[in-house]
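Visitor: Structure file structure11.txt (compact mmCIF, N, CA and C atoms) is given on the next line.
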# COMPACT_ATOMS: atom_id res chain seq x y z
N VAL T 1 -2.51 -0.74 -1.20
CA VAL T 1 -2.89 0.61 -0.78
C VAL T 1 -3.83 1.20 -1.82
N GLN T 2 -4.98 1.67 -1.38
CA GLN T 2 -5.94 2.27 -2.29
C GLN T 2 -5.88 3.78 -2.17
N LEU T 3 -5.75 4.44 -3.30
CA LEU T 3 -5.76 5.90 -3.34
C LEU T 3 -7.07 6.37 -3.93
N GLN T 4 -7.59 7.44 -3.37
CA GLN T 4 -8.89 7.94 -3.81
C GLN T 4 -8.72 9.18 -4.68
N ALA T 5 -9.24 9.09 -5.89
CA ALA T 5 -9.26 10.25 -6.78
C ALA T 5 -10.50 11.07 -6.52
N SER T 6 -10.40 12.35 -6.75
CA SER T 6 -11.54 13.25 -6.56
C SER T 6 -11.49 14.36 -7.58
N GLY T 7 -12.60 15.08 -7.71
CA GLY T 7 -12.63 16.24 -8.59
C GLY T 7 -13.35 16.03 -9.90
N GLY T 8 -13.89 14.84 -10.11
CA GLY T 8 -14.60 14.59 -11.35
C GLY T 8 -15.92 15.35 -11.40
N GLY T 9 -16.58 15.25 -12.55
CA GLY T 9 -17.85 15.92 -12.71
C GLY T 9 -18.29 15.91 -14.14
N LEU T 10 -19.30 16.72 -14.39
CA LEU T 10 -19.85 16.85 -15.73
C LEU T 10 -19.33 18.15 -16.34
N VAL T 11 -18.79 18.07 -17.53
CA VAL T 11 -18.23 19.25 -18.18
C VAL T 11 -18.55 19.18 -19.66
N GLN T 12 -18.67 20.34 -20.27
CA GLN T 12 -18.92 20.37 -21.70
C GLN T 12 -17.63 20.13 -22.48
N ALA T 13 -17.78 19.61 -23.66
CA ALA T 13 -16.61 19.41 -24.53
C ALA T 13 -15.87 20.73 -24.68
N GLY T 14 -14.55 20.64 -24.60
CA GLY T 14 -13.72 21.83 -24.66
C GLY T 14 -13.39 22.41 -23.30
N GLY T 15 -14.07 21.94 -22.28
CA GLY T 15 -13.85 22.44 -20.93
C GLY T 15 -12.69 21.77 -20.24
N SER T 16 -12.54 22.11 -18.97
CA SER T 16 -11.41 21.61 -18.17
C SER T 16 -11.88 21.07 -16.84
N LEU T 17 -11.10 20.15 -16.31
CA LEU T 17 -11.29 19.63 -14.96
C LEU T 17 -9.93 19.35 -14.36
N ARG T 18 -9.86 19.44 -13.05
CA ARG T 18 -8.63 19.10 -12.35
C ARG T 18 -8.94 18.03 -11.33
N LEU T 19 -8.34 16.89 -11.49
CA LEU T 19 -8.53 15.79 -10.56
C LEU T 19 -7.40 15.79 -9.54
N SER T 20 -7.74 15.36 -8.35
CA SER T 20 -6.76 15.31 -7.26
C SER T 20 -6.68 13.91 -6.70
N CYS T 21 -5.55 13.64 -6.09
CA CYS T 21 -5.37 12.33 -5.46
C CYS T 21 -4.45 12.52 -4.26
N ALA T 22 -4.96 12.22 -3.10
CA ALA T 22 -4.19 12.35 -1.86
C ALA T 22 -3.74 10.98 -1.39
N ALA T 23 -2.50 10.88 -1.04
CA ALA T 23 -1.99 9.60 -0.55
C ALA T 23 -2.44 9.35 0.88
N PRO T 24 -2.74 8.13 1.22
CA PRO T 24 -3.08 7.82 2.62
C PRO T 24 -1.84 7.91 3.50
N ARG T 25 -2.05 8.15 4.77
CA ARG T 25 -0.92 8.31 5.70
C ARG T 25 -0.03 7.08 5.74
N THR T 26 -0.57 5.95 5.41
CA THR T 26 0.20 4.70 5.51
C THR T 26 1.40 4.68 4.57
N ILE T 27 1.39 5.54 3.55
CA ILE T 27 2.54 5.54 2.63
C ILE T 27 3.30 6.87 2.66
N PHE T 28 3.01 7.71 3.64
CA PHE T 28 3.68 9.01 3.71
C PHE T 28 5.20 8.86 3.73
N SER T 29 5.68 7.93 4.51
CA SER T 29 7.13 7.82 4.70
C SER T 29 7.84 7.30 3.45
N THR T 30 7.11 6.66 2.57
CA THR T 30 7.73 6.07 1.37
C THR T 30 7.20 6.69 0.08
N TYR T 31 6.46 7.77 0.20
CA TYR T 31 5.78 8.36 -0.96
C TYR T 31 6.74 8.66 -2.10
N VAL T 32 7.90 9.18 -1.78
CA VAL T 32 8.84 9.57 -2.84
C VAL T 32 9.44 8.36 -3.55
N ASP T 33 9.20 7.20 -3.03
CA ASP T 33 9.70 5.99 -3.70
C ASP T 33 8.80 5.56 -4.86
N TYR T 34 7.60 6.13 -4.90
CA TYR T 34 6.61 5.63 -5.84
C TYR T 34 6.46 6.50 -7.09
N VAL T 35 6.27 5.82 -8.20
CA VAL T 35 5.77 6.47 -9.40
C VAL T 35 4.25 6.46 -9.28
N MET T 36 3.65 7.61 -9.42
CA MET T 36 2.19 7.72 -9.31
C MET T 36 1.59 7.75 -10.70
N ALA T 37 0.45 7.10 -10.85
CA ALA T 37 -0.15 6.98 -12.17
C ALA T 37 -1.63 7.32 -12.14
N TRP T 38 -2.07 7.82 -13.27
CA TRP T 38 -3.50 8.04 -13.50
C TRP T 38 -3.95 7.05 -14.58
N HIS T 39 -5.07 6.42 -14.33
CA HIS T 39 -5.69 5.53 -15.28
C HIS T 39 -7.13 5.96 -15.50
N ARG T 40 -7.75 5.41 -16.52
CA ARG T 40 -9.17 5.66 -16.71
C ARG T 40 -9.82 4.43 -17.33
N GLN T 41 -11.11 4.32 -17.08
CA GLN T 41 -11.86 3.22 -17.67
C GLN T 41 -13.19 3.75 -18.19
N ALA T 42 -13.33 3.69 -19.49
CA ALA T 42 -14.57 4.13 -20.12
C ALA T 42 -15.56 2.97 -20.13
N PRO T 43 -16.83 3.27 -20.25
CA PRO T 43 -17.85 2.21 -20.26
C PRO T 43 -17.58 1.19 -21.36
N GLY T 44 -17.56 -0.07 -20.98
CA GLY T 44 -17.37 -1.13 -21.94
C GLY T 44 -15.95 -1.32 -22.43
N LYS T 45 -15.02 -0.59 -21.83
CA LYS T 45 -13.62 -0.68 -22.27
C LYS T 45 -12.73 -1.08 -21.11
N GLN T 46 -11.53 -1.50 -21.46
CA GLN T 46 -10.56 -1.85 -20.43
C GLN T 46 -9.96 -0.59 -19.83
N ARG T 47 -9.49 -0.73 -18.61
CA ARG T 47 -8.80 0.37 -17.97
C ARG T 47 -7.51 0.66 -18.73
N GLU T 48 -7.21 1.93 -18.91
CA GLU T 48 -6.00 2.31 -19.64
C GLU T 48 -5.22 3.37 -18.89
N LEU T 49 -3.93 3.36 -19.13
CA LEU T 49 -3.05 4.34 -18.50
C LEU T 49 -3.22 5.70 -19.16
N VAL T 50 -3.36 6.73 -18.36
CA VAL T 50 -3.39 8.10 -18.84
C VAL T 50 -1.99 8.70 -18.80
N GLY T 51 -1.30 8.45 -17.72
CA GLY T 51 0.06 8.94 -17.57
C GLY T 51 0.59 8.64 -16.20
N SER T 52 1.87 8.92 -16.02
CA SER T 52 2.50 8.66 -14.74
C SER T 52 3.54 9.73 -14.46
N ILE T 53 3.91 9.83 -13.19
CA ILE T 53 4.89 10.84 -12.79
C ILE T 53 5.79 10.28 -11.71
N THR T 54 7.09 10.46 -11.89
CA THR T 54 8.05 10.03 -10.88
C THR T 54 8.13 11.06 -9.77
N SER T 55 8.85 10.72 -8.73
CA SER T 55 8.98 11.65 -7.60
C SER T 55 9.79 12.88 -7.99
N THR T 56 10.59 12.78 -9.03
CA THR T 56 11.38 13.93 -9.48
C THR T 56 10.68 14.70 -10.59
N GLY T 57 9.46 14.30 -10.92
CA GLY T 57 8.67 15.08 -11.86
C GLY T 57 8.73 14.66 -13.31
N THR T 58 9.35 13.54 -13.59
CA THR T 58 9.36 13.05 -14.96
C THR T 58 7.99 12.44 -15.28
N VAL T 59 7.40 12.92 -16.35
CA VAL T 59 6.04 12.51 -16.68
C VAL T 59 6.01 11.78 -18.03
N VAL T 60 5.20 10.77 -18.08
CA VAL T 60 4.95 10.04 -19.32
C VAL T 60 3.45 10.07 -19.55
N TYR T 61 3.05 10.40 -20.78
CA TYR T 61 1.63 10.47 -21.11
C TYR T 61 1.27 9.46 -22.18
N ALA T 62 0.04 8.98 -22.09
CA ALA T 62 -0.51 8.22 -23.19
C ALA T 62 -0.74 9.18 -24.35
N ASP T 63 -0.77 8.63 -25.55
CA ASP T 63 -0.96 9.48 -26.72
C ASP T 63 -2.25 10.30 -26.63
N SER T 64 -3.28 9.70 -26.05
CA SER T 64 -4.58 10.38 -25.95
C SER T 64 -4.53 11.59 -25.03
N ALA T 65 -3.52 11.64 -24.16
CA ALA T 65 -3.43 12.71 -23.18
C ALA T 65 -2.43 13.80 -23.57
N LYS T 66 -1.55 13.49 -24.47
CA LYS T 66 -0.49 14.42 -24.82
C LYS T 66 -1.05 15.74 -25.36
N GLY T 67 -0.52 16.83 -24.81
CA GLY T 67 -0.93 18.15 -25.27
C GLY T 67 -2.19 18.69 -24.63
N ARG T 68 -2.94 17.84 -23.94
CA ARG T 68 -4.18 18.28 -23.31
C ARG T 68 -4.18 18.10 -21.79
N PHE T 69 -3.52 17.06 -21.34
CA PHE T 69 -3.51 16.74 -19.91
C PHE T 69 -2.14 17.03 -19.32
N THR T 70 -2.15 17.42 -18.04
CA THR T 70 -0.90 17.66 -17.33
C THR T 70 -0.96 16.98 -15.97
N ILE T 71 0.04 16.18 -15.70
CA ILE T 71 0.15 15.51 -14.41
C ILE T 71 1.21 16.22 -13.58
N SER T 72 0.90 16.46 -12.33
CA SER T 72 1.86 17.08 -11.43
C SER T 72 1.73 16.44 -10.04
N ARG T 73 2.73 16.67 -9.24
CA ARG T 73 2.68 16.14 -7.88
C ARG T 73 3.44 17.04 -6.94
N ASP T 74 3.08 16.95 -5.68
CA ASP T 74 3.76 17.68 -4.62
C ASP T 74 4.12 16.66 -3.56
N ASN T 75 5.39 16.33 -3.48
CA ASN T 75 5.81 15.29 -2.53
C ASN T 75 5.61 15.72 -1.08
N SER T 76 5.73 17.00 -0.81
CA SER T 76 5.57 17.46 0.58
C SER T 76 4.12 17.33 1.03
N ARG T 77 3.20 17.49 0.09
CA ARG T 77 1.78 17.39 0.42
C ARG T 77 1.22 16.01 0.13
N LYS T 78 2.06 15.16 -0.47
CA LYS T 78 1.65 13.79 -0.80
C LYS T 78 0.42 13.81 -1.72
N MET T 79 0.49 14.70 -2.70
CA MET T 79 -0.63 14.87 -3.63
C MET T 79 -0.17 14.70 -5.06
N VAL T 80 -1.08 14.26 -5.90
CA VAL T 80 -0.85 14.23 -7.34
C VAL T 80 -2.12 14.74 -8.01
N TRP T 81 -1.94 15.46 -9.13
CA TRP T 81 -3.07 16.06 -9.82
C TRP T 81 -3.05 15.67 -11.30
N LEU T 82 -4.25 15.72 -11.88
CA LEU T 82 -4.39 15.54 -13.31
C LEU T 82 -5.22 16.71 -13.82
N GLN T 83 -4.56 17.62 -14.50
CA GLN T 83 -5.24 18.76 -15.12
C GLN T 83 -5.62 18.35 -16.53
N MET T 84 -6.91 18.43 -16.82
CA MET T 84 -7.40 18.01 -18.13
C MET T 84 -8.04 19.20 -18.83
N ASN T 85 -7.51 19.54 -19.97
CA ASN T 85 -8.01 20.65 -20.78
C ASN T 85 -8.51 20.13 -22.12
N SER T 86 -9.27 20.97 -22.79
CA SER T 86 -9.80 20.60 -24.11
C SER T 86 -10.45 19.22 -24.08
N LEU T 87 -11.29 19.02 -23.10
CA LEU T 87 -11.89 17.71 -22.92
C LEU T 87 -12.81 17.35 -24.08
N ARG T 88 -12.83 16.05 -24.37
CA ARG T 88 -13.64 15.51 -25.47
C ARG T 88 -14.60 14.47 -24.91
N GLU T 89 -15.62 14.18 -25.67
CA GLU T 89 -16.58 13.19 -25.22
C GLU T 89 -15.90 11.85 -24.94
N GLU T 90 -14.89 11.53 -25.72
CA GLU T 90 -14.21 10.25 -25.53
C GLU T 90 -13.34 10.20 -24.28
N ASP T 91 -13.22 11.33 -23.58
CA ASP T 91 -12.52 11.33 -22.29
C ASP T 91 -13.44 10.89 -21.16
N THR T 92 -14.72 10.71 -21.46
CA THR T 92 -15.67 10.26 -20.45
C THR T 92 -15.24 8.89 -19.93
N ALA T 93 -15.05 8.82 -18.62
CA ALA T 93 -14.55 7.60 -17.99
C ALA T 93 -14.51 7.79 -16.48
N VAL T 94 -14.26 6.70 -15.80
CA VAL T 94 -13.92 6.78 -14.38
C VAL T 94 -12.40 6.86 -14.31
N TYR T 95 -11.90 7.85 -13.59
CA TYR T 95 -10.47 8.09 -13.50
C TYR T 95 -9.97 7.63 -12.13
N TYR T 96 -8.83 6.95 -12.16
CA TYR T 96 -8.24 6.38 -10.96
C TYR T 96 -6.79 6.85 -10.82
N CYS T 97 -6.37 7.01 -9.59
CA CYS T 97 -4.94 7.18 -9.37
C CYS T 97 -4.46 6.00 -8.55
N ASN T 98 -3.22 5.63 -8.78
CA ASN T 98 -2.66 4.55 -7.97
C ASN T 98 -1.15 4.58 -8.08
N ILE T 99 -0.54 3.74 -7.32
CA ILE T 99 0.90 3.55 -7.40
C ILE T 99 1.17 2.70 -8.63
N GLN T 100 2.04 3.17 -9.50
CA GLN T 100 2.29 2.44 -10.73
C GLN T 100 2.71 1.01 -10.44
N GLY T 101 2.06 0.10 -11.13
CA GLY T 101 2.36 -1.31 -10.95
C GLY T 101 1.49 -1.99 -9.91
N SER T 102 0.78 -1.20 -9.14
CA SER T 102 -0.10 -1.78 -8.12
C SER T 102 -1.39 -2.26 -8.76
N ASP T 103 -1.94 -3.33 -8.24
CA ASP T 103 -3.24 -3.80 -8.71
C ASP T 103 -4.33 -3.48 -7.71
N SER T 104 -4.03 -2.53 -6.84
CA SER T 104 -5.02 -2.09 -5.86
C SER T 104 -5.62 -0.79 -6.35
N TRP T 105 -6.94 -0.75 -6.44
CA TRP T 105 -7.63 0.39 -7.03
C TRP T 105 -8.62 0.99 -6.05
N GLY T 106 -8.58 2.29 -5.95
CA GLY T 106 -9.55 3.01 -5.15
C GLY T 106 -10.85 3.17 -5.91
N LYS T 107 -11.68 4.04 -5.42
CA LYS T 107 -13.03 4.19 -5.95
C LYS T 107 -13.07 4.84 -7.33
N GLY T 108 -12.14 5.73 -7.60
CA GLY T 108 -12.17 6.44 -8.87
C GLY T 108 -13.14 7.61 -8.81
N THR T 109 -13.02 8.49 -9.81
CA THR T 109 -13.93 9.63 -9.89
C THR T 109 -14.45 9.72 -11.32
N GLN T 110 -15.74 9.95 -11.43
CA GLN T 110 -16.38 9.95 -12.74
C GLN T 110 -16.19 11.28 -13.44
N VAL T 111 -15.74 11.22 -14.67
CA VAL T 111 -15.65 12.39 -15.54
C VAL T 111 -16.57 12.15 -16.72
N THR T 112 -17.49 13.07 -16.91
CA THR T 112 -18.43 12.96 -18.02
C THR T 112 -18.33 14.22 -18.87
N VAL T 113 -18.04 14.03 -20.13
CA VAL T 113 -17.90 15.15 -21.06
C VAL T 113 -19.07 15.12 -22.03
N SER T 114 -19.82 16.19 -22.04
CA SER T 114 -21.00 16.26 -22.89
C SER T 114 -20.71 17.11 -24.12
N SER T 115 -21.46 16.84 -25.17
CA SER T 115 -21.25 17.59 -26.42
C SER T 115 -22.02 18.89 -26.40
Have the structure of the file written as C-alpha cells, please.

Guide:
Amino acid sequence: VQLQASGGGLVQAGGSLRLSCAAPRTIFSTYVDYVMAWHRQAPGKQRELVGSITSTGTVVYADSAKGRFTISRDNSRKMVWLQMNSLREEDTAVYYCNIQGSDSWGKGTQVTVSS
C-alpha cells in the first residue's frame, strides 16, 4: 500500500511546515492496526526514519526530530501529520509516510529549507 505525503515546499531556516498523509480507502478498515511512520531522504543519503506513531498516539522520534517535530494522527479521518518547526537546512529532503515496516513507498513530498 502506497501512502502519499503532501504539504512540502520551500521554507526559510527557522520556519515551519506541516506535512499531511491520507490513507487510501483500501486500508480504512484496518487503519488502527498500523503504526504510521514518517521517513525522509536527503540528496545523496539513505532514507531515514523521522518518527512513528501508534494508533493510541504513542510517538517515537529520531534524535534529529526531537523537540522540533510533532507527529499526530486522527484515526477517524485516517490521517497522519508531521508538524515541523525550527527547520534547518539539513532538514531538506523528500519526506515519505508509510506503514511502519512496509517497503512500499509513495511519491513523497519535497521539503527545501533555505538559509

Visitor: Tell me, as a PyMOL selection string, which residues lie within 5 Å of Gln83 of chain T, counting only N, CA and C atoms; anything in the same chain fewer than 4 positions away does not count.

Guide: chain T and resi 17-19+69-71

Visitor: In Å, rounded to a single decimal, give me how far atom CA of Met79 of chain T is from atom CA of Ile99 of chain T.

Guide: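 One can read the atom CA of Ile99 of chain T to atom CA of Met79 of chain T distance as 12.0 Å.
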
Visitor: Tell me which of T:Tyr95, T:Val111, T:Asp103, T:Gly14 sits closest to Val1 of chain T, counting only C-alpha atoms.

Guide: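 For Val1 of chain T, the nearest of the given residues is T:Asp103.
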
Visitor: Select, from T:Asp33, T:Lys45, T:Tyr96, T:Ser72, the residue with the minimum atom-to-atom distance to Gly57 of chain T, counting all atoms listed in the file.

Guide: T:Ser72

Visitor: Go ahead and compute the interatomic distance for atom N of Gln41 of chain T and atom CA of Ile27 of chain T, in Å to one decimal.

Guide: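 That distance, rounded to one decimal, is 24.0 Å.
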
Visitor: For Gln4 of chain T, list every protein, DNA or RNA residue within 6 Å, evaluated using all atoms listed in the file, and leave out those in the same chain fewer than 2 positions away; present the list as a PDB file with N, CA and C atoms, in the frame of the given file.

Guide:
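Dumped everything to out18.pdb:
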ATOM      1  N   GLN T   2      -4.980   1.670  -1.380  1.00  0.00           N
ATOM      2  CA  GLN T   2      -5.940   2.270  -2.290  1.00  0.00           C
ATOM      3  C   GLN T   2      -5.880   3.780  -2.170  1.00  0.00           C
ATOM      4  N   SER T   6     -10.400  12.350  -6.750  1.00  0.00           N
ATOM      5  CA  SER T   6     -11.540  13.250  -6.560  1.00  0.00           C
ATOM      6  C   SER T   6     -11.490  14.360  -7.580  1.00  0.00           C
ATOM      7  N   SER T  20      -7.740  15.360  -8.350  1.00  0.00           N
ATOM      8  CA  SER T  20      -6.760  15.310  -7.260  1.00  0.00           C
ATOM      9  C   SER T  20      -6.680  13.910  -6.700  1.00  0.00           C
ATOM     10  N   CYS T  21      -5.550  13.640  -6.090  1.00  0.00           N
ATOM     11  CA  CYS T  21      -5.370  12.330  -5.460  1.00  0.00           C
ATOM     12  C   CYS T  21      -4.450  12.520  -4.260  1.00  0.00           C
ATOM     13  N   ALA T  22      -4.960  12.220  -3.100  1.00  0.00           N
ATOM     14  CA  ALA T  22      -4.190  12.350  -1.860  1.00  0.00           C
ATOM     15  C   ALA T  22      -3.740  10.980  -1.390  1.00  0.00           C
ATOM     16  N   CYS T  97      -6.370   7.010  -9.590  1.00  0.00           N
ATOM     17  CA  CYS T  97      -4.940   7.180  -9.370  1.00  0.00           C
ATOM     18  C   CYS T  97      -4.460   6.000  -8.550  1.00  0.00           C
ATOM     19  N   GLY T 106      -8.580   2.290  -5.950  1.00  0.00           N
ATOM     20  CA  GLY T 106      -9.550   3.010  -5.150  1.00  0.00           C
ATOM     21  C   GLY T 106     -10.850   3.170  -5.910  1.00  0.00           C
ATOM     22  N   LYS T 107     -11.680   4.040  -5.420  1.00  0.00           N
ATOM     23  CA  LYS T 107     -13.030   4.190  -5.950  1.00  0.00           C
ATOM     24  C   LYS T 107     -13.070   4.840  -7.330  1.00  0.00           C
ATOM     25  N   GLY T 108     -12.140   5.730  -7.600  1.00  0.00           N
ATOM     26  CA  GLY T 108     -12.170   6.440  -8.870  1.00  0.00           C
ATOM     27  C   GLY T 108     -13.140   7.610  -8.810  1.00  0.00           C
TER      28      GLY T 108
END

Visitor: Show me, as an mmCIF file with N, CA and C atoms, keeping the file's coordinate frame, the residues that have an atom within 6 Å of segment 61-67 of chain T when counting only N, CA and C atoms, minus same-chain residues fewer than 3 positions from it.

Guide:
data_model
loop_
_atom_site.group_PDB
_atom_site.id
_atom_site.type_symbol
_atom_site.label_atom_id
_atom_site.label_comp_id
_atom_site.auth_asym_id
_atom_site.auth_seq_id
_atom_site.Cartn_x
_atom_site.Cartn_y
_atom_site.Cartn_z
ATOM 1 N N LEU T 49 -3.930 3.360 -19.130
ATOM 2 C CA LEU T 49 -3.050 4.340 -18.500
ATOM 3 C C LEU T 49 -3.220 5.700 -19.160
ATOM 4 N N VAL T 50 -3.360 6.730 -18.360
ATOM 5 C CA VAL T 50 -3.390 8.100 -18.840
ATOM 6 C C VAL T 50 -1.990 8.700 -18.800
ATOM 7 N N GLY T 51 -1.300 8.450 -17.720
ATOM 8 C CA GLY T 51 0.060 8.940 -17.570
ATOM 9 C C GLY T 51 0.590 8.640 -16.200
ATOM 10 N N SER T 52 1.870 8.920 -16.020
ATOM 11 C CA SER T 52 2.500 8.660 -14.740
ATOM 12 C C SER T 52 3.540 9.730 -14.460
#

Visitor: Rank T:Trp81, T:Gln100, T:Leu10, T:Val59 by their smallest atom-to-atom distance to Ala37 of chain T, using only C-alpha atoms, and report the top residue only.

Guide: T:Gln100

Visitor: Ranking T:Ser115, T:Ser55, T:Thr109, T:Ser29 by minimum distance to Gly8 of chain T and counting only C-alpha atoms, which one comes first?

Guide: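 Nearest to Gly8 of chain T: T:Thr109.
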
Visitor: Let me make sure I understand: among T:Met36, T:Val94, T:Val113, T:Leu87, which one has the smallest atom-to-atom distance to Val11 of chain T if we use only C-alpha atoms?

Guide: T:Val113

Visitor: Could you please fill out segment 95-108 of chain T with N, CA, C and O atoms and send it back as an mmCIF file, in the frame of the given file?

Guide:
data_model
loop_
_atom_site.group_PDB
_atom_site.id
_atom_site.type_symbol
_atom_site.label_atom_id
_atom_site.label_comp_id
_atom_site.auth_asym_id
_atom_site.auth_seq_id
_atom_site.Cartn_x
_atom_site.Cartn_y
_atom_site.Cartn_z
ATOM 1 N N TYR T 95 -11.900 7.850 -13.590
ATOM 2 C CA TYR T 95 -10.470 8.090 -13.500
ATOM 3 C C TYR T 95 -9.970 7.630 -12.130
ATOM 4 O O TYR T 95 -10.588 7.899 -11.094
ATOM 5 N N TYR T 96 -8.830 6.950 -12.160
ATOM 6 C CA TYR T 96 -8.240 6.380 -10.960
ATOM 7 C C TYR T 96 -6.790 6.850 -10.820
ATOM 8 O O TYR T 96 -6.096 7.028 -11.826
ATOM 9 N N CYS T 97 -6.370 7.010 -9.590
ATOM 10 C CA CYS T 97 -4.940 7.180 -9.370
ATOM 11 C C CYS T 97 -4.460 6.000 -8.550
ATOM 12 O O CYS T 97 -5.203 5.429 -7.746
ATOM 13 N N ASN T 98 -3.220 5.630 -8.780
ATOM 14 C CA ASN T 98 -2.660 4.550 -7.970
ATOM 15 C C ASN T 98 -1.150 4.580 -8.080
ATOM 16 O O ASN T 98 -0.569 5.393 -8.811
ATOM 17 N N ILE T 99 -0.540 3.740 -7.320
ATOM 18 C CA ILE T 99 0.900 3.550 -7.400
ATOM 19 C C ILE T 99 1.170 2.700 -8.630
ATOM 20 O O ILE T 99 0.548 1.640 -8.796
ATOM 21 N N GLN T 100 2.040 3.170 -9.500
ATOM 22 C CA GLN T 100 2.290 2.440 -10.730
ATOM 23 C C GLN T 100 2.710 1.010 -10.440
ATOM 24 O O GLN T 100 3.575 0.761 -9.605
ATOM 25 N N GLY T 101 2.060 0.100 -11.130
ATOM 26 C CA GLY T 101 2.360 -1.310 -10.950
ATOM 27 C C GLY T 101 1.490 -1.990 -9.910
ATOM 28 O O GLY T 101 1.468 -3.224 -9.834
ATOM 29 N N SER T 102 0.780 -1.200 -9.140
ATOM 30 C CA SER T 102 -0.100 -1.780 -8.120
ATOM 31 C C SER T 102 -1.390 -2.260 -8.760
ATOM 32 O O SER T 102 -1.884 -1.657 -9.704
ATOM 33 N N ASP T 103 -1.940 -3.330 -8.240
ATOM 34 C CA ASP T 103 -3.240 -3.800 -8.710
ATOM 35 C C ASP T 103 -4.330 -3.480 -7.710
ATOM 36 O O ASP T 103 -5.405 -4.092 -7.722
ATOM 37 N N SER T 104 -4.030 -2.530 -6.840
ATOM 38 C CA SER T 104 -5.020 -2.090 -5.860
ATOM 39 C C SER T 104 -5.620 -0.790 -6.350
ATOM 40 O O SER T 104 -4.907 0.176 -6.639
ATOM 41 N N TRP T 105 -6.940 -0.750 -6.440
ATOM 42 C CA TRP T 105 -7.630 0.390 -7.030
ATOM 43 C C TRP T 105 -8.620 0.990 -6.050
ATOM 44 O O TRP T 105 -9.383 0.284 -5.414
ATOM 45 N N GLY T 106 -8.580 2.290 -5.950
ATOM 46 C CA GLY T 106 -9.550 3.010 -5.150
ATOM 47 C C GLY T 106 -10.850 3.170 -5.910
ATOM 48 O O GLY T 106 -11.063 2.558 -6.954
ATOM 49 N N LYS T 107 -11.680 4.040 -5.420
ATOM 50 C CA LYS T 107 -13.030 4.190 -5.950
ATOM 51 C C LYS T 107 -13.070 4.840 -7.330
ATOM 52 O O LYS T 107 -13.956 4.564 -8.106
ATOM 53 N N GLY T 108 -12.140 5.730 -7.600
ATOM 54 C CA GLY T 108 -12.170 6.440 -8.870
ATOM 55 C C GLY T 108 -13.140 7.610 -8.810
ATOM 56 O O GLY T 108 -13.970 7.720 -7.913
#
